[in-house]
Amino acid sequence: MPTTPELRPLWEAIVDHVTDHTDLNVGDGHKPAGDAPYVVLYLIDGGGLDGPVGDPEADLTTVVQATCVGRTQAEAMWVRDRVTRTFRTVPIDTPTGRAVMQVRTATPGGVTRDDDHQPPLWYCTPRFPITTTPA
């Protein structure tokens, strides 16, 4: 029977993963309560589907952007490093019936100063393609 991966349970698992393993305030598409440092997660690409001939849509690759915010350039990089390390070294507890095949760092994200905030904040936006497959 063909597989149809569901995006919402995977997204919730990703947000929970970063929340549980980074000790950071995490926003799901919006700034979390509290001051910097924090990270805001965005779903940049809802998913490319691929898979074997018998189940060509079994595998789902989604792209997550982590907007890493700090009071200084060094703090924004520290947030980025924590999020990157978490994605790359701690297995994501995926929804039932799915398994993570691969997490990559597509763009490490340079650091930019945001003068719209006073005092200014610093941020970087690494992106992570995450591929899941049926378990």
# chains A, B, ... in the order shown; residues from 1 in each chain; ligands from 1
call {"tool": "residues_around", "arguments": {"residues": "Arg127 in chain A", "least_positions_apart": "3", "cutoff": "10 Å", "atoms": "only C-alpha atoms", "output": "list in words"}}
result
Leu41, Tyr42, Leu43, Ile44, Val63, Val64, Gln65, Ala66, Thr67, Thr84, Arg104, Thr105, Ala106, Thr107, Pro108, Gly109, Cys124 and Ile130 of chain A
call {"tool": "select_by_dssp", "arguments": {"residues": "range 9-99 of chain A", "states": "alpha helix (DSSP H)", "output": "ChimeraX atom specification"}}
result
/A:9-22,73-89
call {"tool": "closest_residue", "arguments": {"among": "A:Leu7, A:Asp115, A:Ala76, A:Tyr38", "to": "Thr19 in chain A", "atoms": "only C-alpha atoms"}}
result
A:Tyr38
call {"tool": "residues_around", "arguments": {"residues": "Arg88 in chain A", "least_positions_apart": "3", "cutoff": "12 Å", "atoms": "only C-alpha atoms", "output": "list in words"}}
result
His17, Val18, His21, Asp81, Arg82, Val83, Thr84, Arg85, Pro91, Ile92, Val100, Met101, Gln102, Val103, Arg104, Thr105, Phe128, Pro129 and Ile130 of chain A
call {"tool": "write_last_selection", "arguments": {"atoms": "N, CA and C atoms", "output": "JSON list (two decimals), in the first residue's frame"}}
result
[["chain", "number", "residue", "atom", "x", "y", "z"],
["A", 17, "HIS", "N", 11.71, 18.43, 19.58],
["A", 17, "HIS", "CA", 13.11, 18.00, 19.61],
["A", 17, "HIS", "C", 14.02, 19.16, 20.01],
["A", 18, "VAL", "N", 13.87, 20.29, 19.33],
["A", 18, "VAL", "CA", 14.72, 21.45, 19.63],
["A", 18, "VAL", "C", 14.42, 21.98, 21.03],
["A", 21, "HIS", "N", 16.00, 19.53, 23.71],
["A", 21, "HIS", "CA", 17.43, 19.21, 23.72],
["A", 21, "HIS", "C", 18.37, 20.41, 23.62],
["A", 81, "ASP", "N", 25.05, 27.05, 17.02],
["A", 81, "ASP", "CA", 25.84, 25.85, 17.30],
["A", 81, "ASP", "C", 25.04, 24.84, 18.13],
["A", 82, "ARG", "N", 24.26, 25.32, 19.10],
["A", 82, "ARG", "CA", 23.45, 24.41, 19.93],
["A", 82, "ARG", "C", 22.38, 23.71, 19.08],
["A", 83, "VAL", "N", 21.71, 24.49, 18.23],
["A", 83, "VAL", "CA", 20.65, 23.92, 17.39],
["A", 83, "VAL", "C", 21.26, 22.93, 16.40],
["A", 84, "THR", "N", 22.35, 23.32, 15.76],
["A", 84, "THR", "CA", 23.01, 22.44, 14.78],
["A", 84, "THR", "C", 23.45, 21.15, 15.43],
["A", 85, "ARG", "N", 24.10, 21.24, 16.57],
["A", 85, "ARG", "CA", 24.58, 20.04, 17.28],
["A", 85, "ARG", "C", 23.40, 19.14, 17.65],
["A", 91, "PRO", "N", 19.01, 11.89, 18.00],
["A", 91, "PRO", "CA", 17.95, 11.38, 17.12],
["A", 91, "PRO", "C", 16.61, 12.07, 17.41],
["A", 92, "ILE", "N", 15.90, 12.40, 16.35],
["A", 92, "ILE", "CA", 14.58, 13.01, 16.47],
["A", 92, "ILE", "C", 13.57, 11.91, 16.74],
["A", 100, "VAL", "N", 13.83, 9.01, 10.85],
["A", 100, "VAL", "CA", 14.68, 10.01, 10.19],
["A", 100, "VAL", "C", 15.84, 9.29, 9.52],
["A", 101, "MET", "N", 15.96, 9.50, 8.21],
["A", 101, "MET", "CA", 17.08, 8.92, 7.45],
["A", 101, "MET", "C", 18.29, 9.82, 7.53],
["A", 102, "GLN", "N", 18.04, 11.15, 7.45],
["A", 102, "GLN", "CA", 19.17, 12.07, 7.33],
["A", 102, "GLN", "C", 18.76, 13.47, 7.77],
["A", 103, "VAL", "N", 19.68, 14.15, 8.46],
["A", 103, "VAL", "CA", 19.56, 15.58, 8.75],
["A", 103, "VAL", "C", 20.85, 16.21, 8.24],
["A", 104, "ARG", "N", 20.72, 17.20, 7.38],
["A", 104, "ARG", "CA", 21.90, 17.89, 6.85],
["A", 104, "ARG", "C", 21.84, 19.35, 7.25],
["A", 105, "THR", "N", 22.97, 20.02, 7.12],
["A", 105, "THR", "CA", 23.01, 21.47, 7.26],
["A", 105, "THR", "C", 23.16, 22.02, 5.85],
["A", 128, "PHE", "N", 18.05, 23.33, 7.63],
["A", 128, "PHE", "CA", 18.30, 21.89, 7.79],
["A", 128, "PHE", "C", 17.29, 21.08, 7.00],
["A", 129, "PRO", "N", 17.72, 20.44, 5.90],
["A", 129, "PRO", "CA", 16.84, 19.46, 5.26],
["A", 129, "PRO", "C", 16.79, 18.20, 6.13],
["A", 130, "ILE", "N", 15.59, 17.73, 6.39],
["A", 130, "ILE", "CA", 15.38, 16.54, 7.21],
["A", 130, "ILE", "C", 14.57, 15.55, 6.39]]
call {"tool": "residues_around", "arguments": {"residues": "Val69 in chain A", "least_positions_apart": "2", "cutoff": "12 Å", "atoms": "only C-alpha atoms", "output": "ChimeraX atom specification"}}
result
/A:24-27,31-32,34-41,66-67,71-83,109-114,117,120-126
call {"tool": "select_by_dssp", "arguments": {"residues": "range 64-110 of chain A", "states": "strand (DSSP E)", "output": "ChimeraX atom specification"}}
result
/A:64-70,98-103
call {"tool": "residues_around", "arguments": {"residues": "Gly47 in chain A", "least_positions_apart": "5", "cutoff": "12 Å", "atoms": "only C-alpha atoms", "output": "PDB file with C-alpha atoms, in the first residue's frame"}}
result
ATOM      1  CA  THR A   4       1.385   9.224   2.415  1.00  0.00           C
ATOM      2  CA  PRO A   5       3.606  10.984   4.958  1.00  0.00           C
ATOM      3  CA  GLU A   6       1.875  13.525   7.185  1.00  0.00           C
ATOM      4  CA  LEU A   7       3.722  16.782   7.713  1.00  0.00           C
ATOM      5  CA  ARG A   8       2.059  18.140  10.868  1.00  0.00           C
ATOM      6  CA  LEU A  10       6.666  15.512  11.869  1.00  0.00           C
ATOM      7  CA  TRP A  11       6.757  19.283  12.379  1.00  0.00           C
ATOM      8  CA  GLU A  57       6.058   9.115  -2.207  1.00  0.00           C
ATOM      9  CA  ALA A  58       7.259   7.202   0.856  1.00  0.00           C
ATOM     10  CA  ASP A  59      10.179   9.486   1.730  1.00  0.00           C
ATOM     11  CA  LEU A  60       9.596  13.086   2.814  1.00  0.00           C
ATOM     12  CA  THR A  61      12.267  15.786   2.880  1.00  0.00           C
ATOM     13  CA  THR A  62      11.322  18.999   4.639  1.00  0.00           C
ATOM     14  CA  VAL A  63      13.506  22.061   5.197  1.00  0.00           C
ATOM     15  CA  VAL A  64      13.577  23.747   8.609  1.00  0.00           C
ATOM     16  CA  PRO A 129      16.836  19.455   5.260  1.00  0.00           C
ATOM     17  CA  ILE A 130      15.381  16.542   7.215  1.00  0.00           C
ATOM     18  CA  THR A 131      14.477  13.335   5.380  1.00  0.00           C
ATOM     19  CA  THR A 132      12.136  10.737   6.846  1.00  0.00           C
TER      20      THR A 132
END
